[in-house]
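Chemist: So I've got this file, entry33.pdb, and it contains PDB, C-alpha atoms:
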```pdb
ATOM      1  CA  MET C 184      24.863 105.108 179.497
ATOM      2  CA  LEU C 185      25.297 108.761 180.413
ATOM      3  CA  ARG C 186      28.802 110.166 180.128
ATOM      4  CA  PRO C 187      30.329 112.276 182.908
ATOM      5  CA  PRO C 188      30.531 116.073 182.497
ATOM      6  CA  CYS C 189      33.387 117.181 180.278
ATOM      7  CA  PHE C 190      35.625 120.229 179.780
ATOM      8  CA  ILE C 191      35.604 121.258 176.112
ATOM      9  CA  SER C 192      37.938 123.905 174.704
ATOM     10  CA  THR C 193      37.409 125.842 171.484
ATOM     11  CA  GLY C 194      40.663 127.766 172.006
ATOM     12  CA  SER C 195      43.045 127.712 169.040
ATOM     13  CA  VAL C 196      46.174 125.635 169.598
ATOM     14  CA  LEU C 197      49.633 126.713 168.463
ATOM     15  CA  VAL C 198      53.147 125.354 168.730
ATOM     16  CA  ASP C 199      55.238 127.643 170.936
ATOM     17  CA  LEU C 200      58.938 128.367 170.555
ATOM     18  CA  PRO C 201      60.059 129.848 173.890
ATOM     19  CA  LEU C 202      63.268 131.874 173.672
ATOM     20  CA  ARG C 203      64.956 133.052 176.864
ATOM     21  CA  VAL C 204      66.606 136.451 176.369
ATOM     22  CA  GLU C 205      68.326 138.963 178.606
ATOM     23  CA  ARG C 206      66.264 141.707 176.968
ATOM     24  CA  VAL C 207      63.955 142.297 174.019
ATOM     25  CA  PRO C 208      66.073 143.880 171.256
ATOM     26  CA  LEU C 209      65.358 147.383 170.044
ATOM     27  CA  PRO C 210      64.045 147.738 166.472
ATOM     28  CA  GLY C 211      66.860 146.785 164.136
ATOM     29  CA  GLY C 212      68.883 145.258 166.992
ATOM     30  CA  ALA C 213      69.872 141.704 167.856
ATOM     31  CA  VAL C 214      70.044 139.479 170.905
ATOM     32  CA  THR C 215      71.187 135.936 171.638
ATOM     33  CA  ALA C 216      68.535 133.564 172.966
ATOM     34  CA  VAL C 217      68.471 130.166 174.663
ATOM     35  CA  SER C 218      65.804 127.725 173.452
ATOM     36  CA  SER C 219      64.587 124.383 174.756
ATOM     37  CA  GLY C 220      62.803 123.665 171.458
ATOM     38  CA  PRO C 221      59.174 123.838 170.313
ATOM     39  CA  VAL C 222      56.359 122.923 172.712
ATOM     40  CA  VAL C 223      52.593 122.687 172.407
ATOM     41  CA  GLY C 224      50.946 125.877 173.635
ATOM     42  CA  GLY C 225      48.250 128.402 172.782
ATOM     43  CA  GLY C 226      44.818 127.086 173.749
ATOM     44  CA  TYR C 227      46.239 123.696 174.680
ATOM     45  CA  THR C 228      47.598 124.845 178.035
ATOM     46  CA  VAL C 229      44.174 125.077 179.700
ATOM     47  CA  VAL C 230      43.173 121.737 178.148
ATOM     48  CA  SER C 231      46.277 120.053 179.536
ATOM     49  CA  ALA C 232      45.732 121.605 182.973
ATOM     50  CA  VAL C 233      42.236 120.119 183.193
ATOM     51  CA  ALA C 234      43.236 116.720 181.791
ATOM     52  CA  ARG C 235      46.053 116.423 184.335
ATOM     53  CA  GLN C 236      43.446 116.610 187.097
ATOM     54  CA  GLY C 237      41.833 113.425 185.762
ATOM     55  CA  VAL C 238      38.719 115.162 184.381
ATOM     56  CA  PRO C 239      37.297 114.186 180.946
ATOM     57  CA  THR C 240      38.674 116.738 178.510
ATOM     58  CA  ALA C 241      38.089 117.422 174.820
ATOM     59  CA  LEU C 242      39.615 119.736 172.239
ATOM     60  CA  ALA C 243      37.138 121.317 169.816
ATOM     61  CA  ALA C 244      39.740 123.421 167.984
ATOM     62  CA  THR C 245      40.994 122.788 164.467
ATOM     63  CA  LEU C 246      44.130 120.749 163.866
ATOM     64  CA  GLY C 247      45.712 119.930 160.529
ATOM     65  CA  THR C 248      47.841 117.348 158.779
ATOM     66  CA  GLY C 249      51.274 118.934 159.263
ATOM     67  CA  PRO C 250      54.085 118.406 161.784
ATOM     68  CA  ASN C 251      52.855 121.070 164.230
ATOM     69  CA  SER C 252      49.475 119.342 164.485
ATOM     70  CA  ALA C 253      51.200 115.976 164.873
ATOM     71  CA  GLN C 254      53.082 117.351 167.885
ATOM     72  CA  VAL C 255      49.771 118.463 169.414
ATOM     73  CA  ARG C 256      48.296 114.991 168.916
ATOM     74  CA  ARG C 257      51.233 113.423 170.739
ATOM     75  CA  ALA C 258      50.623 115.749 173.679
ATOM     76  CA  MET C 259      46.918 114.921 173.612
ATOM     77  CA  LEU C 260      47.669 111.205 173.667
ATOM     78  CA  SER C 261      49.945 111.701 176.666
ATOM     79  CA  ASP C 262      47.379 113.787 178.564
ATOM     80  CA  GLY C 263      44.345 111.721 177.562
ATOM     81  CA  VAL C 264      42.597 114.498 175.608
ATOM     82  CA  GLU C 265      40.014 113.676 172.917
ATOM     83  CA  LEU C 266      39.791 115.625 169.625
ATOM     84  CA  VAL C 267      36.107 116.145 168.754
ATOM     85  CA  VAL C 268      36.360 118.022 165.424
ATOM     86  CA  ASP C 269      37.725 116.878 162.068
ATOM     87  CA  GLU C 270      41.179 117.865 160.830
ATOM     88  CA  LEU C 271      41.825 120.119 157.840
ATOM     89  CA  VAL C 272      44.567 119.892 155.243
ATOM     90  CA  GLY C 273      47.343 122.252 156.298
ATOM     91  CA  ASP C 274      48.852 123.025 159.681
ATOM     92  CA  ILE C 275      48.419 125.160 162.772
ATOM     93  CA  GLY C 276      50.572 128.229 163.375
ATOM     94  CA  THR C 277      53.371 129.016 165.785
ATOM     95  CA  CYS C 278      54.058 131.489 168.562
ATOM     96  CA  THR C 279      57.597 132.647 169.285
ATOM     97  CA  THR C 280      57.828 133.860 172.883
ATOM     98  CA  LEU C 281      60.657 136.098 174.113
ATOM     99  CA  ILE C 282      61.039 135.520 177.865
ATOM    100  CA  GLU C 283      62.998 138.056 179.910
ATOM    101  CA  PRO C 284      64.619 137.310 183.301
ATOM    102  CA  SER C 285      61.677 139.016 185.073
ATOM    103  CA  GLY C 286      59.294 136.552 183.430
ATOM    104  CA  ARG C 287      57.817 139.187 181.122
ATOM    105  CA  ARG C 288      56.854 137.742 177.733
ATOM    106  CA  THR C 289      56.692 139.168 174.211
ATOM    107  CA  PHE C 290      54.879 137.194 171.484
ATOM    108  CA  ILE C 291      55.277 136.854 167.715
ATOM    109  CA  THR C 292      52.574 134.679 166.150
ATOM    110  CA  THR C 293      52.167 133.110 162.732
ATOM    111  CA  GLU C 294      48.692 132.072 161.618
ATOM    112  CA  GLY C 295      47.568 128.687 160.323
ATOM    113  CA  ILE C 296      44.347 126.732 160.015
ATOM    114  CA  GLU C 297      43.583 127.051 163.739
ATOM    115  CA  ALA C 298      41.572 130.201 162.867
ATOM    116  CA  GLU C 299      38.989 128.144 160.933
ATOM    117  CA  PRO C 300      36.425 126.684 163.385
ATOM    118  CA  GLN C 301      34.631 123.534 162.278
ATOM    119  CA  VAL C 302      31.088 124.781 162.886
ATOM    120  CA  GLU C 303      29.330 121.644 161.627
ATOM    121  CA  ASP C 304      31.401 119.536 164.006
ATOM    122  CA  LEU C 305      30.604 121.885 166.886
ATOM    123  CA  GLU C 306      26.903 121.668 166.112
ATOM    124  CA  ARG C 307      27.084 117.872 166.324
ATOM    125  CA  LEU C 308      28.497 117.932 169.860
ATOM    126  CA  ASP C 309      26.055 116.480 172.391
ATOM    127  CA  LEU C 310      26.513 118.868 175.280
ATOM    128  CA  ILE C 311      25.016 117.894 178.633
ATOM    129  CA  GLU C 312      24.342 119.647 181.904
ATOM    130  CA  GLY C 313      27.591 119.979 183.838
ATOM    131  CA  ASP C 314      29.799 120.418 180.769
ATOM    132  CA  TRP C 315      32.031 123.500 180.616
ATOM    133  CA  VAL C 316      33.031 125.130 177.324
ATOM    134  CA  TYR C 317      36.098 127.376 177.147
ATOM    135  CA  CYS C 318      36.571 130.234 174.669
ATOM    136  CA  THR C 319      39.421 132.738 174.202
ATOM    137  CA  GLY C 320      39.427 136.347 173.152
ATOM    138  CA  TYR C 321      41.881 135.594 170.363
ATOM    139  CA  ASP C 322      39.283 133.481 168.549
ATOM    140  CA  LEU C 323      36.549 136.052 169.179
ATOM    141  CA  ALA C 324      38.725 138.811 167.709
ATOM    142  CA  HIS C 325      39.639 136.944 164.526
ATOM    143  CA  SER C 326      37.624 137.876 161.447
ATOM    144  CA  ARG C 327      37.100 134.266 160.324
ATOM    145  CA  SER C 328      36.262 132.658 163.669
ATOM    146  CA  ALA C 329      34.477 135.379 165.687
ATOM    147  CA  LYS C 330      30.930 135.182 164.359
ATOM    148  CA  PRO C 331      30.583 131.431 163.708
ATOM    149  CA  LEU C 332      32.092 130.595 167.085
ATOM    150  CA  SER C 333      30.057 133.141 169.038
ATOM    151  CA  ASP C 334      26.843 132.099 167.264
ATOM    152  CA  TRP C 335      27.437 128.492 168.306
ATOM    153  CA  LEU C 336      28.296 129.400 171.898
ATOM    154  CA  LEU C 337      25.020 131.275 172.220
ATOM    155  CA  THR C 338      23.072 128.151 171.228
ATOM    156  CA  MET C 339      24.497 126.012 174.045
ATOM    157  CA  PRO C 340      21.856 124.550 176.362
ATOM    158  CA  GLN C 341      21.309 125.865 179.858
ATOM    159  CA  GLY C 342      23.354 123.993 182.418
ATOM    160  CA  VAL C 343      26.475 124.122 180.241
ATOM    161  CA  GLY C 344      29.038 126.531 181.692
ATOM    162  CA  LEU C 345      30.720 129.108 179.445
ATOM    163  CA  ILE C 346      34.248 130.203 180.359
ATOM    164  CA  LEU C 347      35.358 133.440 178.723
ATOM    165  CA  ASP C 348      39.073 134.280 178.810
ATOM    166  CA  LEU C 349      39.332 137.490 176.788
ATOM    167  CA  GLY C 350      43.062 138.078 177.294
ATOM    168  CA  PRO C 351      44.845 140.998 175.621
ATOM    169  CA  ALA C 352      42.656 140.618 172.496
ATOM    170  CA  GLN C 353      39.637 142.029 174.359
ATOM    171  CA  ALA C 354      39.984 145.468 172.749
ATOM    172  CA  GLU C 355      39.745 143.933 169.268
ATOM    173  CA  ILE C 356      36.435 142.120 169.888
ATOM    174  CA  ASP C 357      33.358 143.862 168.453
ATOM    175  CA  ASP C 358      30.593 144.786 170.889
ATOM    176  CA  ALA C 359      28.158 142.790 168.759
ATOM    177  CA  ILE C 360      30.212 139.672 169.561
ATOM    178  CA  LEU C 361      31.271 140.473 173.124
ATOM    179  CA  LEU C 362      28.123 141.730 174.821
ATOM    180  CA  PRO C 363      25.808 138.768 174.067
ATOM    181  CA  LEU C 364      28.550 136.373 175.217
ATOM    182  CA  LEU C 365      29.106 138.275 178.460
ATOM    183  CA  ALA C 366      25.382 137.924 179.166
ATOM    184  CA  ARG C 367      25.727 134.128 178.753
ATOM    185  CA  THR C 368      29.046 133.767 180.600
ATOM    186  CA  THR C 369      29.385 131.567 183.685
ATOM    187  CA  LEU C 370      33.052 132.335 184.420
ATOM    188  CA  LEU C 371      34.935 135.429 183.227
ATOM    189  CA  THR C 372      38.642 135.269 183.973
ATOM    190  CA  GLY C 373      41.629 137.517 183.353
ATOM    191  CA  ASN C 374      44.716 138.961 184.939
ATOM    192  CA  MET C 375      44.806 142.297 186.755
ATOM    193  CA  LEU C 376      45.304 144.347 183.586
ATOM    194  CA  GLU C 377      42.770 142.427 181.493
ATOM    195  CA  ILE C 378      39.922 142.770 183.984
ATOM    196  CA  THR C 379      40.810 146.443 184.501
ATOM    197  CA  GLU C 380      40.617 146.995 180.745
ATOM    198  CA  ILE C 381      37.211 145.358 180.329
ATOM    199  CA  ILE C 382      35.902 147.455 183.245
ATOM    200  CA  ALA C 383      37.276 150.594 181.557
ATOM    201  CA  ARG C 384      35.705 149.585 178.243
ATOM    202  CA  LEU C 385      32.257 149.124 179.776
ATOM    203  CA  GLY C 386      32.573 152.200 181.995
ATOM    204  CA  SER C 387      32.575 150.882 185.568
ATOM    205  CA  PRO C 388      32.584 147.694 187.674
ATOM    206  CA  ASP C 389      28.811 147.993 187.968
ATOM    207  CA  ARG C 390      28.486 148.053 184.169
ATOM    208  CA  LEU C 391      30.579 144.879 183.966
ATOM    209  CA  ARG C 392      28.302 143.193 186.502
ATOM    210  CA  GLU C 393      25.246 144.310 184.520
ATOM    211  CA  ALA C 394      26.802 142.928 181.320
ATOM    212  CA  ALA C 395      27.674 139.578 182.930
ATOM    213  CA  PRO C 396      25.024 139.159 185.626
ATOM    214  CA  ASP C 397      25.494 135.420 186.182
ATOM    215  CA  ALA C 398      29.286 135.238 185.915
ATOM    216  CA  LEU C 399      31.840 134.414 188.547
ATOM    217  CA  ILE C 400      34.449 137.071 187.719
ATOM    218  CA  VAL C 401      38.036 136.099 188.515
ATOM    219  CA  ARG C 402      40.851 138.632 188.530
ATOM    220  CA  ARG C 403      44.217 136.845 188.772
ATOM    221  CA  THR C 404      46.735 138.896 190.781
ATOM    222  CA  GLY C 405      49.930 136.889 190.308
ATOM    223  CA  VAL C 406      51.802 136.038 193.485
ATOM    224  CA  HIS C 407      48.959 137.583 195.489
ATOM    225  CA  GLY C 408      46.512 134.943 194.253
ATOM    226  CA  CYS C 409      43.175 136.065 192.860
ATOM    227  CA  GLU C 410      40.076 138.124 193.552
ATOM    228  CA  LEU C 411      36.611 136.628 193.140
ATOM    229  CA  TRP C 412      33.493 138.624 192.339
ATOM    230  CA  LEU C 413      30.465 136.417 192.838
ATOM    231  CA  PRO C 414      27.144 136.945 191.011
ATOM    232  CA  THR C 415      25.649 137.823 194.403
ATOM    233  CA  GLY C 416      27.923 140.873 194.490
ATOM    234  CA  GLU C 417      30.237 139.469 197.158
ATOM    235  CA  HIS C 418      33.970 140.177 196.700
ATOM    236  CA  LEU C 419      36.535 137.697 198.036
ATOM    237  CA  GLU C 420      40.339 137.597 197.996
ATOM    238  CA  VAL C 421      42.117 134.234 197.907
ATOM    239  CA  PRO C 422      45.848 134.486 198.736
ATOM    240  CA  GLY C 423      48.496 132.985 196.486
ATOM    241  CA  PHE C 424      51.751 131.120 196.995
ATOM    242  CA  VAL C 425      55.260 132.544 196.689
ATOM    243  CA  ARG C 426      57.483 130.608 194.272
ATOM    244  CA  ASP C 427      60.639 131.348 192.273
ATOM    245  CA  VAL C 428      59.547 132.437 188.791
ATOM    246  CA  VAL C 429      61.105 130.612 185.844
ATOM    247  CA  ASP C 430      58.478 131.196 183.147
ATOM    248  CA  THR C 431      55.016 132.758 183.482
ATOM    249  CA  THR C 432      53.837 131.433 180.103
ATOM    250  CA  GLY C 433      50.571 129.577 180.579
ATOM    251  CA  ALA C 434      50.211 130.352 184.283
ATOM    252  CA  GLY C 435      46.855 132.046 183.749
ATOM    253  CA  ASP C 436      45.519 129.151 181.683
ATOM    254  CA  THR C 437      46.717 126.701 184.323
ATOM    255  CA  HIS C 438      44.853 128.737 186.937
ATOM    256  CA  THR C 439      41.672 128.684 184.877
ATOM    257  CA  GLY C 440      41.841 124.964 184.146
ATOM    258  CA  VAL C 441      42.369 123.952 187.767
ATOM    259  CA  LEU C 442      39.720 126.412 189.003
ATOM    260  CA  VAL C 443      37.100 124.942 186.671
ATOM    261  CA  THR C 444      38.169 121.417 187.634
ATOM    262  CA  GLY C 445      37.528 122.292 191.265
ATOM    263  CA  LEU C 446      34.059 123.586 190.424
ATOM    264  CA  MET C 447      33.344 120.422 188.418
ATOM    265  CA  ASP C 448      34.452 118.410 191.468
ATOM    266  CA  GLY C 449      31.832 120.228 193.542
ATOM    267  CA  LEU C 450      34.206 122.448 195.544
ATOM    268  CA  ASP C 451      33.085 125.861 196.718
ATOM    269  CA  VAL C 452      34.599 128.783 194.789
ATOM    270  CA  VAL C 453      37.178 129.655 197.456
ATOM    271  CA  SER C 454      38.502 126.095 197.710
ATOM    272  CA  ALA C 455      38.604 125.816 193.919
ATOM    273  CA  ALA C 456      40.441 129.141 193.671
ATOM    274  CA  ARG C 457      42.965 128.101 196.309
ATOM    275  CA  ARG C 458      43.803 124.981 194.277
ATOM    276  CA  ALA C 459      44.082 127.146 191.167
ATOM    277  CA  ASN C 460      46.443 129.555 192.942
ATOM    278  CA  ALA C 461      48.639 126.647 194.035
ATOM    279  CA  ALA C 462      48.691 125.178 190.518
ATOM    280  CA  ALA C 463      49.623 128.505 188.928
ATOM    281  CA  ALA C 464      52.385 129.046 191.497
ATOM    282  CA  GLU C 465      53.829 125.635 190.666
ATOM    283  CA  ALA C 466      53.469 126.229 186.915
ATOM    284  CA  VAL C 467      55.662 129.377 186.956
ATOM    285  CA  CYS C 468      58.499 127.267 188.365
ATOM    286  CA  ARG C 469      58.543 125.235 185.140
ATOM    287  CA  LEU C 470      59.720 126.160 181.653
ATOM    288  CA  GLY C 471      57.089 126.113 178.903
ATOM    289  CA  PRO C 472      53.331 126.736 178.596
ATOM    290  CA  ALA C 473      51.646 123.346 179.127
ATOM    291  CA  ARG C 474      53.359 122.353 182.379
ATOM    292  CA  ALA C 475      50.448 122.222 184.803
ATOM    293  CA  PRO C 476      50.941 120.133 187.945
ATOM    294  CA  ARG C 477      48.836 117.016 188.404
ATOM    295  CA  ARG C 478      46.196 116.635 191.078
ATOM    296  CA  GLN C 479      48.475 114.871 193.563
ATOM    297  CA  GLU C 480      51.155 117.543 193.159
ATOM    298  CA  ILE C 481      48.633 120.254 194.011
ATOM    299  CA  ASP C 482      47.468 118.209 196.998
ATOM    300  CA  ALA C 483      51.064 118.001 198.243
ATOM    301  CA  LEU C 484      51.635 121.740 197.821
ATOM    302  CA  LEU C 485      48.465 122.564 199.727
ATOM    303  CA  ALA C 486      49.302 120.067 202.472
ATOM    304  CA  GLY C 487      52.662 121.751 203.004
ATOM    305  CA  ALA C 488      51.274 125.302 202.963
TER     306      ALA C 488
END
```
Take the structure I supplied and represent it as structure tokens, if you would.

Modeler:
Amino acid sequence: MLRPPCFISTGSVLVDLPLRVERVPLPGGAVTAVSSGPVVGGGYTVVSAVARQGVPTALAATLGTGPNSAQVRRAMLSDGVELVVDELVGDIGTCTTLIEPSGRRTFITTEGIEAEPQVEDLERLDLIEGDWVYCTGYDLAHSRSAKPLSDWLLTMPQGVGLILDLGPAQAEIDDAILLPLLARTTLLTGNMLEITEIIARLGSPDRLREAAPDALIVRRTGVHGCELWLPTGEHLEVPGFVRDVVDTTGAGDTHTGVLVTGLMDGLDVVSAARRANAAAAEAVCRLGPARAPRRQEIDALLAGA
């Protein structure tokens, strides 16, 4: 019996410690923070966003045997996410996030076993047409994960979508890794600054289109929504939703997860992007990274718009 198409993430998962501060201290300074405790974050946010839409979702990123990994597994059980690679002895790292009143975030990350992709497990995955595989720039910039992960991504069969979310690590990714993946990419997503930076790196918007000829390019513009650049060359703007900002952590990943879910549901790109804009607007009203709204919550927000 054939399985339904699935969303599969290779993005490294971390445990986040969000700290709300009035300001980021100067070097050598100090500041008092308010914390709600550790939460599952990193590459899990996009996974959770997809799973909460009721779409089959799998995590193909390394977890370990320690308490941080155990917390991730509890979240996966709650969201209905399947782990499709073996665990390693050890534990995943953490990310301390300083959140200012404006919503601006500053990150301090410790590394664990999440940077060690399980290539043999990835090679055993039976990908089918309609699957979507998600990859982050952080994993493509890391010395231990960049080449094995990119080599595997380039072997995926046609009909499997590749989502590339380069993030702020884009500048650290070698051309030998980045350019072949851009040529294979189905969806390239980033915020205003990130897409601007990749355009500057390649030299012009036309050079980006030449590098990623088949990609739907999504530039997230915060409260304004997002801009879509279709492979046909057409540019579209999809307006956003105004909400009170509590925490912007994970808003971009929520947007990506809900956008891809819409495409998997058969929606046109504008309808899928509108759902993604609504989901991201709702996510910034909530504290923590993996706080994506569920399908019915997005439906309600759109109905009231």

Chemist: Give me, as JSON, numbers by chain, all polymer residues having an atom no more than 12 Å from Glu380 of chain C, counting only C-alpha atoms and skipping those fewer than 2 positions away in the same chain.

Modeler: {"C": [349, 350, 351, 352, 353, 354, 355, 373, 374, 375, 376, 377, 378, 382, 383, 384, 385, 386, 387, 388, 391, 402]}

Chemist: Limited to C-alpha atoms, could you put the picked residues into a file as a PDB file, keeping the file's coordinate frame?

Modeler:
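That gives us again.pdb:
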```
ATOM      1  CA  LEU C 349      39.332 137.490 176.788  1.00  0.00           C
ATOM      2  CA  GLY C 350      43.062 138.078 177.294  1.00  0.00           C
ATOM      3  CA  PRO C 351      44.845 140.998 175.621  1.00  0.00           C
ATOM      4  CA  ALA C 352      42.656 140.618 172.496  1.00  0.00           C
ATOM      5  CA  GLN C 353      39.637 142.029 174.359  1.00  0.00           C
ATOM      6  CA  ALA C 354      39.984 145.468 172.749  1.00  0.00           C
ATOM      7  CA  GLU C 355      39.745 143.933 169.268  1.00  0.00           C
ATOM      8  CA  GLY C 373      41.629 137.517 183.353  1.00  0.00           C
ATOM      9  CA  ASN C 374      44.716 138.961 184.939  1.00  0.00           C
ATOM     10  CA  MET C 375      44.806 142.297 186.755  1.00  0.00           C
ATOM     11  CA  LEU C 376      45.304 144.347 183.586  1.00  0.00           C
ATOM     12  CA  GLU C 377      42.770 142.427 181.493  1.00  0.00           C
ATOM     13  CA  ILE C 378      39.922 142.770 183.984  1.00  0.00           C
ATOM     14  CA  ILE C 382      35.902 147.455 183.245  1.00  0.00           C
ATOM     15  CA  ALA C 383      37.276 150.594 181.557  1.00  0.00           C
ATOM     16  CA  ARG C 384      35.705 149.585 178.243  1.00  0.00           C
ATOM     17  CA  LEU C 385      32.257 149.124 179.776  1.00  0.00           C
ATOM     18  CA  GLY C 386      32.573 152.200 181.995  1.00  0.00           C
ATOM     19  CA  SER C 387      32.575 150.882 185.568  1.00  0.00           C
ATOM     20  CA  PRO C 388      32.584 147.694 187.674  1.00  0.00           C
ATOM     21  CA  LEU C 391      30.579 144.879 183.966  1.00  0.00           C
ATOM     22  CA  ARG C 402      40.851 138.632 188.530  1.00  0.00           C
TER      23      ARG C 402
END
```

Chemist: Evaluated on this file, the PyMOL selection byres ((chain C and resi 241) around 7) picks out some residues - which ones are they, written as a PDB file with C-alpha atoms, keeping the file's coordinate frame?

Modeler:
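Result file is part16.pdb:
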```pdb
ATOM      1  CA  PHE C 190      35.625 120.229 179.780  1.00  0.00           C
ATOM      2  CA  ILE C 191      35.604 121.258 176.112  1.00  0.00           C
ATOM      3  CA  SER C 192      37.938 123.905 174.704  1.00  0.00           C
ATOM      4  CA  PRO C 239      37.297 114.186 180.946  1.00  0.00           C
ATOM      5  CA  THR C 240      38.674 116.738 178.510  1.00  0.00           C
ATOM      6  CA  LEU C 242      39.615 119.736 172.239  1.00  0.00           C
ATOM      7  CA  ALA C 243      37.138 121.317 169.816  1.00  0.00           C
ATOM      8  CA  VAL C 264      42.597 114.498 175.608  1.00  0.00           C
ATOM      9  CA  GLU C 265      40.014 113.676 172.917  1.00  0.00           C
ATOM     10  CA  LEU C 266      39.791 115.625 169.625  1.00  0.00           C
ATOM     11  CA  VAL C 267      36.107 116.145 168.754  1.00  0.00           C
TER      12      VAL C 267
END
```

Chemist: Give as number ranges by chain the residues that the PyMOL selection byres ((chain C and resi 438) around 8) matches when applied to the coordinates above.

Modeler: C: 434-437, 439-442, 459-460, 462-463

Chemist: Let me make sure I understand: among C:Ala456, C:Val443, C:Thr277, C:Pro210, which one has the smallest atom-to-atom distance to Ser252 of chain C if we use only C-alpha atoms?

Modeler: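 The shortest atom-to-atom distance to Ser252 of chain C comes from C:Thr277.
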
Chemist: Starting from the shown file, work through the PyMOL selection byres ((chain C and resi 422) around 9) and note down what comes out as a JSON list (two decimals) with C-alpha atoms, in the coordinates of the input.

Modeler:
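Output contents, as saved in result24.json:
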```
[["chain", "number", "residue", "atom", "x", "y", "z"],
["C", 406, "VAL", "CA", 51.80, 136.04, 193.48],
["C", 407, "HIS", "CA", 48.96, 137.58, 195.49],
["C", 408, "GLY", "CA", 46.51, 134.94, 194.25],
["C", 409, "CYS", "CA", 43.18, 136.06, 192.86],
["C", 410, "GLU", "CA", 40.08, 138.12, 193.55],
["C", 420, "GLU", "CA", 40.34, 137.60, 198.00],
["C", 421, "VAL", "CA", 42.12, 134.23, 197.91],
["C", 423, "GLY", "CA", 48.50, 132.99, 196.49],
["C", 424, "PHE", "CA", 51.75, 131.12, 197.00],
["C", 457, "ARG", "CA", 42.96, 128.10, 196.31],
["C", 460, "ASN", "CA", 46.44, 129.56, 192.94]]
```

Chemist: Quick one: distance from atom CA of Gly342 of chain C to atom CA of Arg403 of chain C in Å, one decimal?

Modeler: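 For atom CA of Gly342 of chain C relative to atom CA of Arg403 of chain C, the distance reads 25.3 Å.
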
Chemist: Find, counting all atoms listed in the file, the residue in C:Leu365, C:Val222, C:Val196, C:Ala232 that gets nearest to Ile275 of chain C.

Modeler: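 The answer is C:Val196, which sits nearest to Ile275 of chain C.
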
Chemist: Using only C-alpha atoms, can you tell me which of C:Thr415, C:Asn251, C:Ser328, C:Thr228 comes closest to Gly273 of chain C?

Modeler: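 Among C:Thr415, C:Asn251, C:Ser328, C:Thr228, it is C:Asn251 that comes nearest to Gly273 of chain C.
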
Chemist: Between C:Leu185, C:Leu271, C:Leu281, C:Leu260, which is the closest to Pro201 of chain C once you count all atoms listed in the file?

Modeler: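 Closest to Pro201 of chain C, using all atoms listed in the file: C:Leu281.
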
Chemist: Excluding same-chain residues fewer than 3 positions from Leu336 of chain C, what lies within 10 Å of it counting only C-alpha atoms, as a list in words?

Modeler: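 Listed by chain and then number, they are Thr193, Leu305, Glu306, Val316, Tyr317, Cys318, Lys330, Pro331, Leu332, Ser333, Met339, Pro340, Leu345, Pro363, Leu364, Arg367 and Thr368 of chain C.
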
Chemist: Store the residues picked out above, limited to C-alpha atoms, as a short mmCIF file (atom, residue, chain, number, x, y, z; two decimals), keeping the file's coordinate frame.

Modeler:
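Generated output (part17.cif):
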```cif
data_model
loop_
_atom_site.label_atom_id
_atom_site.label_comp_id
_atom_site.auth_asym_id
_atom_site.auth_seq_id
_atom_site.Cartn_x
_atom_site.Cartn_y
_atom_site.Cartn_z
CA THR C 193 37.41 125.84 171.48
CA LEU C 305 30.60 121.88 166.89
CA GLU C 306 26.90 121.67 166.11
CA VAL C 316 33.03 125.13 177.32
CA TYR C 317 36.10 127.38 177.15
CA CYS C 318 36.57 130.23 174.67
CA LYS C 330 30.93 135.18 164.36
CA PRO C 331 30.58 131.43 163.71
CA LEU C 332 32.09 130.60 167.08
CA SER C 333 30.06 133.14 169.04
CA MET C 339 24.50 126.01 174.04
CA PRO C 340 21.86 124.55 176.36
CA LEU C 345 30.72 129.11 179.44
CA PRO C 363 25.81 138.77 174.07
CA LEU C 364 28.55 136.37 175.22
CA ARG C 367 25.73 134.13 178.75
CA THR C 368 29.05 133.77 180.60
#
```

Chemist: Tell me which protein, DNA and RNA residues are within 12 Å of Pro187 of chain C, counting all atoms listed in the file, leaving out same-chain ones fewer than 4 positions away, and put them as JSON, numbers by chain.

Modeler: {"C": [237, 238, 239, 240, 310, 311, 312, 313, 314, 315, 447, 448]}

Chemist: Dump C-alpha atoms of segment 321-334 of chain C from the given block, as a PDB file, in the first residue's frame.

Modeler:
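In the end it all went to selection_29.pdb:
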```pdb
ATOM      1  CA  TYR C 321      23.275  25.950   9.346  1.00  0.00           C
ATOM      2  CA  ASP C 322      23.774  22.295   8.399  1.00  0.00           C
ATOM      3  CA  LEU C 323      25.220  23.227   5.005  1.00  0.00           C
ATOM      4  CA  ALA C 324      27.741  25.557   6.654  1.00  0.00           C
ATOM      5  CA  HIS C 325      28.974  23.049   9.231  1.00  0.00           C
ATOM      6  CA  SER C 326      32.230  21.294   8.378  1.00  0.00           C
ATOM      7  CA  ARG C 327      30.993  17.837   9.422  1.00  0.00           C
ATOM      8  CA  SER C 328      27.516  17.896   7.880  1.00  0.00           C
ATOM      9  CA  ALA C 329      27.833  20.059   4.736  1.00  0.00           C
ATOM     10  CA  LYS C 330      29.245  17.613   2.205  1.00  0.00           C
ATOM     11  CA  PRO C 331      27.529  14.366   3.265  1.00  0.00           C
ATOM     12  CA  LEU C 332      24.169  16.102   3.533  1.00  0.00           C
ATOM     13  CA  SER C 333      24.465  17.988   0.248  1.00  0.00           C
ATOM     14  CA  ASP C 334      25.669  14.856  -1.570  1.00  0.00           C
TER      15      ASP C 334
END
```
